[in-house]
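**Student:** Enclosed is the structure file target_17.cif (mmCIF, C-alpha atoms and all ligand atoms).
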data_query
#
loop_
_atom_site.group_PDB
_atom_site.id
_atom_site.type_symbol
_atom_site.label_atom_id
_atom_site.label_comp_id
_atom_site.auth_asym_id
_atom_site.auth_seq_id
_atom_site.Cartn_x
_atom_site.Cartn_y
_atom_site.Cartn_z
ATOM 1 C CA MET A 1 0.000 0.000 0.000
ATOM 2 C CA SER A 2 1.217 3.465 -0.676
ATOM 3 C CA LYS A 3 0.923 5.814 2.288
ATOM 4 C CA LYS A 4 -1.407 7.998 0.284
ATOM 5 C CA ASP A 5 -4.129 5.268 0.275
ATOM 6 C CA LEU A 6 -5.235 6.249 3.808
ATOM 7 C CA GLN A 7 -5.292 9.653 5.431
ATOM 8 C CA LEU A 8 -5.686 10.602 9.062
ATOM 9 C CA ASP A 9 -6.660 14.127 9.960
ATOM 10 C CA ILE A 10 -7.278 15.243 13.539
ATOM 11 C CA ARG A 11 -9.909 17.994 13.757
ATOM 12 C CA GLY A 12 -11.897 20.016 16.284
ATOM 13 C CA ASP A 13 -11.019 22.745 18.782
ATOM 14 C CA HIS A 14 -9.681 20.115 21.166
ATOM 15 C CA LYS A 15 -8.426 17.740 18.458
ATOM 16 C CA GLU A 16 -11.290 15.457 19.442
ATOM 17 C CA VAL A 17 -12.392 14.050 16.074
ATOM 18 C CA ALA A 18 -10.243 11.795 13.902
ATOM 19 C CA VAL A 19 -11.150 11.852 10.211
ATOM 20 C CA ILE A 20 -9.938 8.686 8.535
ATOM 21 C CA ARG A 21 -10.266 8.668 4.773
ATOM 22 C CA LEU A 22 -9.754 5.873 2.257
ATOM 23 C CA THR A 23 -7.881 7.656 -0.518
ATOM 24 C CA ARG A 24 -7.615 5.115 -3.291
ATOM 25 C CA PRO A 25 -10.351 6.399 -5.602
ATOM 26 C CA ALA A 26 -8.790 5.031 -8.805
ATOM 27 C CA LYS A 27 -9.489 1.542 -7.407
ATOM 28 C CA ARG A 28 -12.767 2.618 -5.799
ATOM 29 C CA ASN A 29 -11.068 2.391 -2.386
ATOM 30 C CA ALA A 30 -10.659 -1.380 -2.731
ATOM 31 C CA LEU A 31 -9.077 -2.763 0.423
ATOM 32 C CA SER A 32 -5.653 -4.223 -0.253
ATOM 33 C CA ASP A 33 -3.817 -6.084 2.524
ATOM 34 C CA GLY A 34 -1.691 -3.000 3.086
ATOM 35 C CA LEU A 35 -4.758 -0.796 3.429
ATOM 36 C CA ILE A 36 -6.407 -3.169 5.927
ATOM 37 C CA LEU A 37 -3.234 -3.237 8.024
ATOM 38 C CA ALA A 38 -2.979 0.539 7.831
ATOM 39 C CA LEU A 39 -6.579 0.834 9.089
ATOM 40 C CA ARG A 40 -5.717 -1.423 12.026
ATOM 41 C CA ASP A 41 -2.634 0.664 12.816
ATOM 42 C CA VAL A 42 -4.551 3.942 12.652
ATOM 43 C CA PHE A 43 -7.167 2.744 15.134
ATOM 44 C CA GLU A 44 -4.481 1.330 17.438
ATOM 45 C CA ASN A 45 -2.574 4.592 17.506
ATOM 46 C CA LEU A 46 -5.151 7.366 17.679
ATOM 47 C CA PRO A 47 -3.931 10.378 19.659
ATOM 48 C CA ALA A 48 -5.207 10.535 23.246
ATOM 49 C CA THR A 49 -7.201 13.712 22.522
ATOM 50 C CA VAL A 50 -9.492 11.860 20.079
ATOM 51 C CA ARG A 51 -13.016 11.090 21.360
ATOM 52 C CA ALA A 52 -14.772 10.045 18.129
ATOM 53 C CA ALA A 53 -13.862 9.135 14.566
ATOM 54 C CA VAL A 54 -15.356 9.508 11.100
ATOM 55 C CA ILE A 55 -14.415 7.196 8.272
ATOM 56 C CA ASP A 56 -15.178 7.988 4.654
ATOM 57 C CA GLY A 57 -13.923 7.351 1.151
ATOM 58 C CA GLU A 58 -12.554 9.688 -1.491
ATOM 59 C CA GLY A 59 -14.142 9.749 -4.945
ATOM 60 C CA GLU A 60 -17.518 8.479 -6.097
ATOM 61 C CA HIS A 61 -17.654 5.406 -3.865
ATOM 62 C CA PHE A 62 -17.148 4.624 -0.194
ATOM 63 C CA CYS A 63 -15.486 1.261 -0.823
ATOM 64 C CA ALA A 64 -15.513 -1.536 -3.441
ATOM 65 C CA GLY A 65 -14.520 -4.183 -0.889
ATOM 66 C CA LEU A 66 -11.654 -6.606 -1.043
ATOM 67 C CA ASP A 67 -8.946 -5.804 -3.577
ATOM 68 C CA LEU A 68 -9.745 -8.675 -5.908
ATOM 69 C CA SER A 69 -6.393 -8.413 -7.676
ATOM 70 C CA GLU A 70 -4.728 -9.851 -4.545
ATOM 71 C CA LEU A 71 -7.145 -12.781 -4.172
ATOM 72 C CA LYS A 72 -5.784 -14.891 -6.999
ATOM 73 C CA GLU A 73 -2.418 -15.376 -5.261
ATOM 74 C CA ARG A 74 -3.742 -17.103 -2.099
ATOM 75 C CA ASP A 75 -4.085 -20.788 -1.150
ATOM 76 C CA ALA A 76 -6.513 -22.076 1.538
ATOM 77 C CA GLY A 77 -4.168 -21.589 4.480
ATOM 78 C CA GLN A 78 -3.262 -18.093 3.387
ATOM 79 C CA GLY A 79 -6.965 -17.373 2.912
ATOM 80 C CA LEU A 80 -7.653 -18.341 6.520
ATOM 81 C CA VAL A 81 -4.882 -16.097 7.817
ATOM 82 C CA HIS A 82 -6.051 -13.308 5.529
ATOM 83 C CA SER A 83 -9.608 -13.462 6.849
ATOM 84 C CA ARG A 84 -8.329 -13.424 10.424
ATOM 85 C CA MET A 85 -6.249 -10.358 9.544
ATOM 86 C CA TRP A 86 -9.428 -8.564 8.458
ATOM 87 C CA HIS A 87 -11.100 -9.675 11.692
ATOM 88 C CA ALA A 88 -8.264 -8.219 13.757
ATOM 89 C CA ALA A 89 -8.374 -4.916 11.869
ATOM 90 C CA LEU A 90 -12.159 -4.487 11.977
ATOM 91 C CA GLU A 91 -12.177 -5.509 15.625
ATOM 92 C CA ARG A 92 -9.962 -2.463 16.223
ATOM 93 C CA VAL A 93 -12.662 -0.375 14.550
ATOM 94 C CA GLN A 94 -15.580 -1.858 16.508
ATOM 95 C CA TYR A 95 -13.841 -2.357 19.847
ATOM 96 C CA GLY A 96 -11.236 0.391 19.565
ATOM 97 C CA PRO A 97 -10.856 3.463 21.727
ATOM 98 C CA VAL A 98 -13.665 5.645 20.311
ATOM 99 C CA PRO A 99 -17.025 5.425 18.535
ATOM 100 C CA VAL A 100 -16.691 5.415 14.744
ATOM 101 C CA ILE A 101 -19.165 6.992 12.334
ATOM 102 C CA ALA A 102 -19.101 5.856 8.710
ATOM 103 C CA ALA A 103 -19.985 8.447 6.051
ATOM 104 C CA LEU A 104 -21.316 6.392 3.140
ATOM 105 C CA HIS A 105 -21.822 7.245 -0.512
ATOM 106 C CA GLY A 106 -21.794 5.332 -3.782
ATOM 107 C CA ALA A 107 -20.762 1.678 -3.560
ATOM 108 C CA VAL A 108 -20.692 0.122 -0.112
ATOM 109 C CA VAL A 109 -20.079 -3.395 -1.302
ATOM 110 C CA GLY A 110 -18.482 -6.625 -0.160
ATOM 111 C CA GLY A 111 -15.729 -5.850 2.302
ATOM 112 C CA GLY A 112 -16.799 -2.210 2.144
ATOM 113 C CA LEU A 113 -20.086 -3.193 3.763
ATOM 114 C CA GLU A 114 -18.141 -5.331 6.237
ATOM 115 C CA LEU A 115 -16.078 -2.281 7.172
ATOM 116 C CA ALA A 116 -19.192 -0.096 7.453
ATOM 117 C CA SER A 117 -20.901 -2.691 9.638
ATOM 118 C CA ALA A 118 -17.984 -2.606 12.108
ATOM 119 C CA CYS A 119 -18.676 1.105 12.675
ATOM 120 C CA HIS A 120 -21.079 2.292 15.365
ATOM 121 C CA ILE A 121 -23.163 4.703 13.303
ATOM 122 C CA ARG A 122 -23.669 4.733 9.538
ATOM 123 C CA VAL A 123 -24.728 7.888 7.712
ATOM 124 C CA ALA A 124 -25.608 7.316 4.063
ATOM 125 C CA ASP A 125 -26.278 9.854 1.335
ATOM 126 C CA ASP A 126 -28.781 9.370 -1.498
ATOM 127 C CA SER A 127 -26.141 7.947 -3.858
ATOM 128 C CA THR A 128 -25.353 4.995 -1.589
ATOM 129 C CA PHE A 129 -25.950 1.411 -2.675
ATOM 130 C CA TYR A 130 -25.204 -1.801 -0.827
ATOM 131 C CA ALA A 131 -24.354 -5.246 -2.184
ATOM 132 C CA LEU A 132 -22.517 -8.432 -1.326
ATOM 133 C CA PRO A 133 -21.119 -9.523 -4.704
ATOM 134 C CA GLU A 134 -19.086 -12.287 -3.058
ATOM 135 C CA GLY A 135 -21.865 -14.670 -4.081
ATOM 136 C CA SER A 136 -21.355 -13.972 -7.773
ATOM 137 C CA ARG A 137 -17.545 -14.034 -7.459
ATOM 138 C CA GLY A 138 -17.617 -17.580 -6.065
ATOM 139 C CA ILE A 139 -16.341 -16.543 -2.650
ATOM 140 C CA PHE A 140 -17.758 -15.771 0.795
ATOM 141 C CA VAL A 141 -17.546 -12.857 3.178
ATOM 142 C CA GLY A 142 -14.378 -12.995 5.274
ATOM 143 C CA GLY A 143 -14.161 -9.693 7.099
ATOM 144 C CA GLY A 144 -16.653 -10.393 9.856
ATOM 145 C CA GLY A 145 -19.689 -9.772 7.641
ATOM 146 C CA ALA A 146 -21.289 -13.123 8.471
ATOM 147 C CA VAL A 147 -21.341 -12.078 12.117
ATOM 148 C CA ARG A 148 -22.083 -8.354 11.897
ATOM 149 C CA ILE A 149 -24.402 -7.954 8.907
ATOM 150 C CA PRO A 150 -27.110 -10.404 10.122
ATOM 151 C CA ARG A 151 -27.142 -8.433 13.376
ATOM 152 C CA LEU A 152 -28.059 -5.328 11.387
ATOM 153 C CA ILE A 153 -30.513 -6.728 8.845
ATOM 154 C CA GLY A 154 -31.133 -10.394 9.733
ATOM 155 C CA ALA A 155 -29.680 -13.554 8.210
ATOM 156 C CA ALA A 156 -32.561 -13.880 5.700
ATOM 157 C CA ARG A 157 -31.826 -10.536 4.019
ATOM 158 C CA MET A 158 -28.093 -11.202 3.928
ATOM 159 C CA THR A 159 -28.712 -14.647 2.422
ATOM 160 C CA ASP A 160 -30.879 -13.061 -0.271
ATOM 161 C CA MET A 161 -28.216 -10.420 -1.022
ATOM 162 C CA MET A 162 -25.557 -13.089 -1.481
ATOM 163 C CA LEU A 163 -27.673 -15.673 -3.306
ATOM 164 C CA THR A 164 -29.291 -13.295 -5.771
ATOM 165 C CA GLY A 165 -26.900 -10.355 -5.969
ATOM 166 C CA ARG A 166 -29.645 -8.062 -4.705
ATOM 167 C CA VAL A 167 -28.575 -4.430 -4.463
ATOM 168 C CA TYR A 168 -30.236 -2.139 -1.912
ATOM 169 C CA ASN A 169 -30.481 1.545 -2.698
ATOM 170 C CA ALA A 170 -29.960 4.240 -0.085
ATOM 171 C CA GLN A 171 -33.629 4.520 0.906
ATOM 172 C CA ASP A 172 -34.176 0.783 1.280
ATOM 173 C CA GLY A 173 -30.822 0.425 3.031
ATOM 174 C CA GLU A 174 -31.927 2.876 5.683
ATOM 175 C CA ARG A 175 -35.327 1.175 5.958
ATOM 176 C CA ILE A 176 -33.826 -2.263 6.654
ATOM 177 C CA GLY A 177 -31.166 -0.987 9.061
ATOM 178 C CA LEU A 178 -27.976 -0.761 7.022
ATOM 179 C CA ALA A 179 -27.731 2.937 7.920
ATOM 180 C CA GLN A 180 -29.216 4.896 10.812
ATOM 181 C CA TYR A 181 -29.205 8.236 8.925
ATOM 182 C CA LEU A 182 -30.051 9.135 5.331
ATOM 183 C CA VAL A 183 -29.077 12.556 3.966
ATOM 184 C CA PRO A 184 -29.085 14.252 0.544
ATOM 185 C CA GLN A 185 -26.253 13.437 -1.850
ATOM 186 C CA GLY A 186 -22.943 14.970 -0.842
ATOM 187 C CA GLN A 187 -23.915 15.595 2.772
ATOM 188 C CA ALA A 188 -22.889 12.340 4.463
ATOM 189 C CA PHE A 189 -19.513 13.571 5.631
ATOM 190 C CA ASP A 190 -20.856 16.804 7.132
ATOM 191 C CA LYS A 191 -23.596 14.936 8.986
ATOM 192 C CA ALA A 192 -21.149 12.279 10.203
ATOM 193 C CA PHE A 193 -18.736 14.966 11.400
ATOM 194 C CA GLU A 194 -21.529 16.824 13.205
ATOM 195 C CA LEU A 195 -22.537 13.577 14.941
ATOM 196 C CA ALA A 196 -18.908 12.811 15.817
ATOM 197 C CA GLN A 197 -18.531 16.207 17.480
ATOM 198 C CA ARG A 198 -21.626 15.484 19.509
ATOM 199 C CA VAL A 199 -20.505 11.951 20.434
ATOM 200 C CA ALA A 200 -17.119 13.380 21.457
ATOM 201 C CA GLN A 201 -18.839 15.423 24.178
ATOM 202 C CA ASN A 202 -20.215 12.352 25.975
ATOM 203 C CA ALA A 203 -18.548 11.080 29.119
ATOM 204 C CA PRO A 204 -15.839 8.679 27.875
ATOM 205 C CA LEU A 205 -17.134 5.929 30.153
ATOM 206 C CA THR A 206 -20.605 6.186 28.605
ATOM 207 C CA ASN A 207 -19.093 5.791 25.139
ATOM 208 C CA TYR A 208 -17.010 2.893 26.421
ATOM 209 C CA ALA A 209 -20.115 1.178 27.799
ATOM 210 C CA LEU A 210 -21.962 1.625 24.500
ATOM 211 C CA MET A 211 -19.077 0.261 22.438
ATOM 212 C CA HIS A 212 -17.811 -2.524 24.659
ATOM 213 C CA ALA A 213 -20.641 -3.556 26.979
ATOM 214 C CA LEU A 214 -23.861 -3.065 24.992
ATOM 215 C CA PRO A 215 -23.087 -5.389 22.041
ATOM 216 C CA ARG A 216 -21.963 -8.095 24.455
ATOM 217 C CA ILE A 217 -24.975 -7.658 26.708
ATOM 218 C CA ALA A 218 -27.212 -7.922 23.640
ATOM 219 C CA GLU A 219 -25.704 -11.347 22.906
ATOM 220 C CA GLN A 220 -25.957 -12.659 26.464
ATOM 221 C CA PRO A 221 -28.830 -14.693 27.885
ATOM 222 C CA ALA A 222 -31.180 -12.264 29.652
ATOM 223 C CA ASP A 223 -30.211 -13.191 33.213
ATOM 224 C CA GLN A 224 -26.511 -12.640 32.462
ATOM 225 C CA GLY A 225 -27.272 -9.515 30.469
ATOM 226 C CA PHE A 226 -29.132 -7.936 33.369
ATOM 227 C CA LEU A 227 -26.181 -8.517 35.671
ATOM 228 C CA THR A 228 -23.619 -7.181 33.155
ATOM 229 C CA GLU A 229 -25.838 -4.149 32.627
ATOM 230 C CA ALA A 230 -26.017 -3.527 36.366
ATOM 231 C CA LEU A 231 -22.238 -3.789 36.719
ATOM 232 C CA MET A 232 -21.639 -1.394 33.822
ATOM 233 C CA ALA A 233 -24.273 1.029 35.150
ATOM 234 C CA ALA A 234 -22.671 1.028 38.593
ATOM 235 C CA ILE A 235 -19.221 1.721 37.151
ATOM 236 C CA ALA A 236 -20.453 4.482 34.828
ATOM 237 C CA GLN A 237 -22.485 6.311 37.447
ATOM 238 C CA SER A 238 -19.661 6.218 39.989
ATOM 239 C CA ALA A 239 -17.335 8.221 37.730
ATOM 240 C CA PRO A 240 -16.809 11.837 38.866
ATOM 241 C CA GLU A 241 -17.889 13.057 35.438
ATOM 242 C CA ALA A 242 -21.290 11.395 35.810
ATOM 243 C CA LYS A 243 -21.845 13.088 39.151
ATOM 244 C CA THR A 244 -20.837 16.480 37.736
ATOM 245 C CA ARG A 245 -23.179 16.095 34.765
ATOM 246 C CA VAL A 246 -26.141 14.968 36.849
ATOM 247 C CA GLN A 247 -25.597 17.835 39.305
ATOM 248 C CA ALA A 248 -25.492 20.292 36.399
ATOM 249 C CA PHE A 249 -28.948 19.089 35.334
ATOM 250 C CA LEU A 250 -30.319 19.296 38.877
ATOM 251 C CA ASP A 251 -28.962 22.867 39.092
ATOM 252 C CA GLY A 252 -30.699 23.772 35.813
ATOM 253 C CA ARG A 253 -27.361 24.236 34.021
ATOM 254 C CA ALA A 254 -27.663 21.328 31.577
ATOM 255 C CA ALA A 255 -29.766 20.972 28.435
ATOM 256 C CA LYS A 256 -33.196 19.374 28.720
ATOM 257 C CA VAL A 257 -34.339 16.719 26.289
ATOM 258 C CA LYS A 258 -36.317 18.479 23.540
ATOM 259 C CA LYS A 259 -39.227 17.043 21.574
ATOM 260 C CA ALA A 260 -38.062 15.629 18.229
HETATM 261 C C1 LIG A 301 -11.199 -2.987 -8.176
HETATM 262 C C2 LIG A 301 -12.229 -3.338 -7.305
HETATM 263 C C3 LIG A 301 -11.984 -4.364 -6.365
HETATM 264 C C4 LIG A 301 -12.952 -1.740 -8.572
HETATM 265 N N1 LIG A 301 -10.780 -4.950 -6.378
HETATM 266 N N2 LIG A 301 -10.017 -3.603 -8.148
HETATM 267 N N3 LIG A 301 -15.937 -6.299 -4.637
HETATM 268 C C5 LIG A 301 -16.614 -6.351 -5.799
HETATM 269 O O1 LIG A 301 -16.866 -7.393 -6.348
HETATM 270 C C6 LIG A 301 -16.992 -5.034 -6.374
HETATM 271 C C7 LIG A 301 -16.176 -4.812 -7.634
HETATM 272 N N4 LIG A 301 -16.300 -3.441 -8.120
HETATM 273 C C8 LIG A 301 -17.400 -2.981 -8.772
HETATM 274 O O2 LIG A 301 -18.422 -3.643 -8.887
HETATM 275 C C9 LIG A 301 -17.305 -1.611 -9.353
HETATM 276 O O3 LIG A 301 -15.925 -1.298 -9.518
HETATM 277 C C10 LIG A 301 -17.935 -0.487 -8.496
HETATM 278 C C11 LIG A 301 -19.468 -0.643 -8.529
HETATM 279 C C12 LIG A 301 -17.440 -0.518 -7.060
HETATM 280 C C13 LIG A 301 -17.553 0.888 -9.082
HETATM 281 O O4 LIG A 301 -17.854 0.917 -10.476
HETATM 282 P P1 LIG A 301 -17.159 2.016 -11.410
HETATM 283 O O5 LIG A 301 -17.773 1.862 -12.778
HETATM 284 O O6 LIG A 301 -17.225 3.350 -10.758
HETATM 285 O O7 LIG A 301 -15.574 1.633 -11.425
HETATM 286 P P2 LIG A 301 -14.827 0.499 -12.269
HETATM 287 O O8 LIG A 301 -14.545 1.015 -13.660
HETATM 288 O O9 LIG A 301 -15.510 -0.802 -12.178
HETATM 289 O O10 LIG A 301 -13.458 0.347 -11.479
HETATM 290 C C14 LIG A 301 -12.407 1.301 -11.545
HETATM 291 C C15 LIG A 301 -11.105 0.572 -11.286
HETATM 292 O O11 LIG A 301 -11.134 0.030 -9.961
HETATM 293 C C16 LIG A 301 -10.917 -0.636 -12.210
HETATM 294 O O12 LIG A 301 -9.511 -0.786 -12.408
HETATM 295 P P3 LIG A 301 -8.809 -0.265 -13.763
HETATM 296 O O13 LIG A 301 -7.395 -0.646 -13.591
HETATM 297 O O14 LIG A 301 -9.530 -0.922 -14.890
HETATM 298 O O15 LIG A 301 -9.021 1.232 -13.761
HETATM 299 C C17 LIG A 301 -11.422 -1.783 -11.379
HETATM 300 O O16 LIG A 301 -10.856 -3.025 -11.769
HETATM 301 C C18 LIG A 301 -10.914 -1.373 -9.999
HETATM 302 N N5 LIG A 301 -11.681 -2.012 -8.946
HETATM 303 N N6 LIG A 301 -13.313 -2.549 -7.559
HETATM 304 C C19 LIG A 301 -9.835 -4.562 -7.261
HETATM 305 N N7 LIG A 301 -12.904 -4.746 -5.470
HETATM 306 C C20 LIG A 301 -12.709 -9.902 3.479
HETATM 307 S S1 LIG A 301 -13.505 -10.679 2.232
HETATM 308 C C21 LIG A 301 -14.346 -9.455 1.333
HETATM 309 C C22 LIG A 301 -14.789 -10.033 0.053
HETATM 310 C C23 LIG A 301 -15.187 -8.970 -0.917
HETATM 311 O O17 LIG A 301 -15.145 -7.793 -0.664
HETATM 312 S S2 LIG A 301 -15.629 -9.565 -2.452
HETATM 313 C C24 LIG A 301 -16.354 -8.192 -3.218
HETATM 314 C C25 LIG A 301 -15.334 -7.431 -3.990
#
Write out the structure in this file as structure tokens.
Ligand code: 1HE

**Tutor:**
Amino acid sequence: MSKKDLQLDIRGDHKEVAVIRLTRPAKRNALSDGLILALRDVFENLPATVRAAVIDGEGEHFCAGLDLSELKERDAGQGLVHSRMWHAALERVQYGPVPVIAALHGAVVGGGLELASACHIRVADDSTFYALPEGSRGIFVGGGGAVRIPRLIGAARMTDMMLTGRVYNAQDGERIGLAQYLVPQGQAFDKAFELAQRVAQNAPLTNYALMHALPRIAEQPADQGFLTEALMAAIAQSAPEAKTRVQAFLDGRAAKVKKA
């Protein structure tokens, strides 16, 4: 990978938002091994000031998935190691230090959808389309998609996408849960950045609980989930920052919840 295939830019008055951009538009931001490893390294080494991240792609498409030109060189054992390498990298996105907001446009396909599904919030613009062309290429997902995508849209929809090559447009993608936000074309990055700035203001322990505890609680049997929830709640509310924030509300110094 050339260094110019991924850019990291730290923004905000307190350098609190990391903007991570796939910058390989000539190849539709296809994810080479080098690019996957660079993503892992970026998330492992974010500056301590960073409280939220945005990931987007340069050019007309978010990401065309796996760099297919590298696939033809691999045997079965190398394929196994390769898939586990993707898992390690996308685990750093999902269970890294800060919430990650994906700004989607154009193609979000194959491994691109796997990357998007490892993020915590997805903002799509009107040009976005989603597909899993692995089915038609004679391969399978290998970047955690078989675990994460059914949790967003259900195994039946993912099966249909892979068996039939079904492509979801931006509106239907939002309807079925591939994105939480849908905005006009060209506005995904601005919306994602606005959300990241807001997320960055949360107490870090609250963000930690949402990233690291909630998805695990959701997978636990209910009786275990209730206990894990109680433990996480007790830890979060005991932090000095929680007490300060609650007191600010009681003193009338904090924002009320407004009607949507
Ligand atoms: C690529 C790739 C790629 C484009 N690997 N080189 N992903 C796919 O099966 C999707 C394949 N890509 C496409 O369907 C289309 O390229 C797009 C819909 C994303 C964009 O179309 P378009 O018309 O804007 O671009 P293009 O002309 O198709 O591509 C421009 C160049 O990017 C071209 O190279 P060039 O040298 O001829 O200029 C393409 O070959 C190249 N390119 N996509 C390599 N994916 C962990 S397992 C994950 C498994 C998967 O992700 S499989 C799904 C792979």

**Student:** Under the rule that all atoms listed in the file are counted, which of A:Arg198, A:Thr206, A:Ser69, A:Tyr95 is the nearest residue to A:Ala239?

**Tutor:**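 So, comparing all the options, the nearest one is A:Thr206.
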
**Student:** Rank nothing, just name the residue among A:Lys27, A:Arg166, A:Arg151, A:Arg84 nearest to ligand LIG 301 (chain A), using all atoms listed in the file.

**Tutor:**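 With all atoms listed in the file as the atom set, the closest residue is A:Lys27.
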
**Student:** Rank nothing, just name the residue among A:Thr128, A:Asp41, A:Glu241, A:His212 nearest to A:Thr228, using all atoms listed in the file.

**Tutor:**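 Result for the nearest residue to A:Thr228: A:His212.
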
**Student:** Write out as a PyMOL selection string each polymer residue whose atoms come within 10 Å of A:Arg216, counting only C-alpha atoms; drop sequence neighbours fewer than 5 positions from it.

**Tutor:** chain A and resi 210-211+225+228-229

**Student:** Kindly export the residues of the current selection with C-alpha atoms, as a JSON list (two decimals), in the frame of the given file.

**Tutor:**
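Result saved to selection_27.json:
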[["chain", "number", "residue", "atom", "x", "y", "z"],
["A", 210, "LEU", "CA", -21.96, 1.62, 24.50],
["A", 211, "MET", "CA", -19.08, 0.26, 22.44],
["A", 225, "GLY", "CA", -27.27, -9.52, 30.47],
["A", 228, "THR", "CA", -23.62, -7.18, 33.16],
["A", 229, "GLU", "CA", -25.84, -4.15, 32.63]]

**Student:** Using the file's own x, y and z axes, so that the box edges lie along x, y and z, what centre and edge lengths in Å (one decimal) does a box around every listed atom of ligand LIG 301 (chain A) get when 3 Å is added on each side? Give it as AutoDock Vina command-line options.

**Tutor:**
--center_x -13.4 --center_y -3.7 --center_z -5.7 --size_x 18.1 --size_y 20.0 --size_z 24.4

**Student:** Would you kindly translate the PyMOL selection byres (((not hetatm)) within 6 of (chain A and resi 301)) into the concrete residues it picks from this file, as a list in words?

**Tutor:**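 Given this file, the PyMOL selection byres (((not hetatm)) within 6 of (chain A and resi 301)) evaluates to Ala26, Lys27, Arg28, Ala30, Ala64, Gly65, Leu66, Asp67, Leu68, Ser69, Ser83, Ala107, Gly110, Gly111, Pro133, Glu134, Val141, Gly142 and Gly143 of chain A.
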
**Student:** Using only C-alpha atoms for the distances, tell me which of A:Cys63, A:Leu6, A:Ile139, A:Ala156 is nearest to A:Gly79.

**Tutor:** A:Ile139

**Student:** If we count all atoms listed in the file, what is near A:Gly177 at a cut-off of 12 Å, once residues fewer than 5 positions away on the same chain are taken out, given as a list in words?

**Tutor:** Ser117, Ile121, Arg122, Val123, Ala124, Tyr130, Ile149, Pro150, Arg151, Leu152, Ile153, Gly154, Arg157, Met158, Tyr168, Ala170, Gln171, Asp172 and Leu182 of chain A

**Student:** Tell me which residues the PyMOL selection byres (((chain A and resi 50-53) around 10) and not hetatm) grabs here, as number ranges by chain.

**Tutor:** A: 8-12, 14-20, 43, 46-49, 54-55, 93, 97-102, 119-120, 192-193, 195-204, 207

**Student:** Which residues match the PyMOL selection byres (((chain A and resi 90-92) around 7) and not hetatm) in the file above, as an NGL selection string?

**Tutor:** :A and (40 or 43-44 or 86-89 or 93-96 or 115 or 118)

**Student:** May I ask for the distance between atom CA of A:Phe140 and atom CA of A:Met162, given in Å to one decimal place?

**Tutor:** 8.6 Å

**Student:** One number please: atom CA of A:Glu60 to atom CA of A:Thr164, in Å, one decimal.

**Tutor:** 24.8 Å

**Student:** As an exercise, work out the distance from atom CA of A:Phe189 to atom CA of A:Leu104 in Å and give it to one decimal place.

**Tutor:**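 Computing it gives 7.8 Å between the two atoms.
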
**Student:** Which residue out of A:Ala188, A:Ala255, A:Leu80, A:Leu35 has the minimum interatomic distance to A:Ala103 when only C-alpha atoms are used?

**Tutor:**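 Among A:Ala188, A:Ala255, A:Leu80, A:Leu35, it is A:Ala188 that comes nearest to A:Ala103.
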
**Student:** Just stretch 95-119 of chain A from the block, C-alpha atoms, as a JSON list (two decimals), in the first residue's frame, could you?

**Tutor:**
[["chain", "number", "residue", "atom", "x", "y", "z"],
["A", 95, "TYR", "CA", -13.84, -2.36, 19.85],
["A", 96, "GLY", "CA", -11.24, 0.39, 19.56],
["A", 97, "PRO", "CA", -10.86, 3.46, 21.73],
["A", 98, "VAL", "CA", -13.66, 5.64, 20.31],
["A", 99, "PRO", "CA", -17.02, 5.43, 18.54],
["A", 100, "VAL", "CA", -16.69, 5.41, 14.74],
["A", 101, "ILE", "CA", -19.16, 6.99, 12.33],
["A", 102, "ALA", "CA", -19.10, 5.86, 8.71],
["A", 103, "ALA", "CA", -19.99, 8.45, 6.05],
["A", 104, "LEU", "CA", -21.32, 6.39, 3.14],
["A", 105, "HIS", "CA", -21.82, 7.25, -0.51],
["A", 106, "GLY", "CA", -21.79, 5.33, -3.78],
["A", 107, "ALA", "CA", -20.76, 1.68, -3.56],
["A", 108, "VAL", "CA", -20.69, 0.12, -0.11],
["A", 109, "VAL", "CA", -20.08, -3.39, -1.30],
["A", 110, "GLY", "CA", -18.48, -6.62, -0.16],
["A", 111, "GLY", "CA", -15.73, -5.85, 2.30],
["A", 112, "GLY", "CA", -16.80, -2.21, 2.14],
["A", 113, "LEU", "CA", -20.09, -3.19, 3.76],
["A", 114, "GLU", "CA", -18.14, -5.33, 6.24],
["A", 115, "LEU", "CA", -16.08, -2.28, 7.17],
["A", 116, "ALA", "CA", -19.19, -0.10, 7.45],
["A", 117, "SER", "CA", -20.90, -2.69, 9.64],
["A", 118, "ALA", "CA", -17.98, -2.61, 12.11],
["A", 119, "CYS", "CA", -18.68, 1.11, 12.68]]
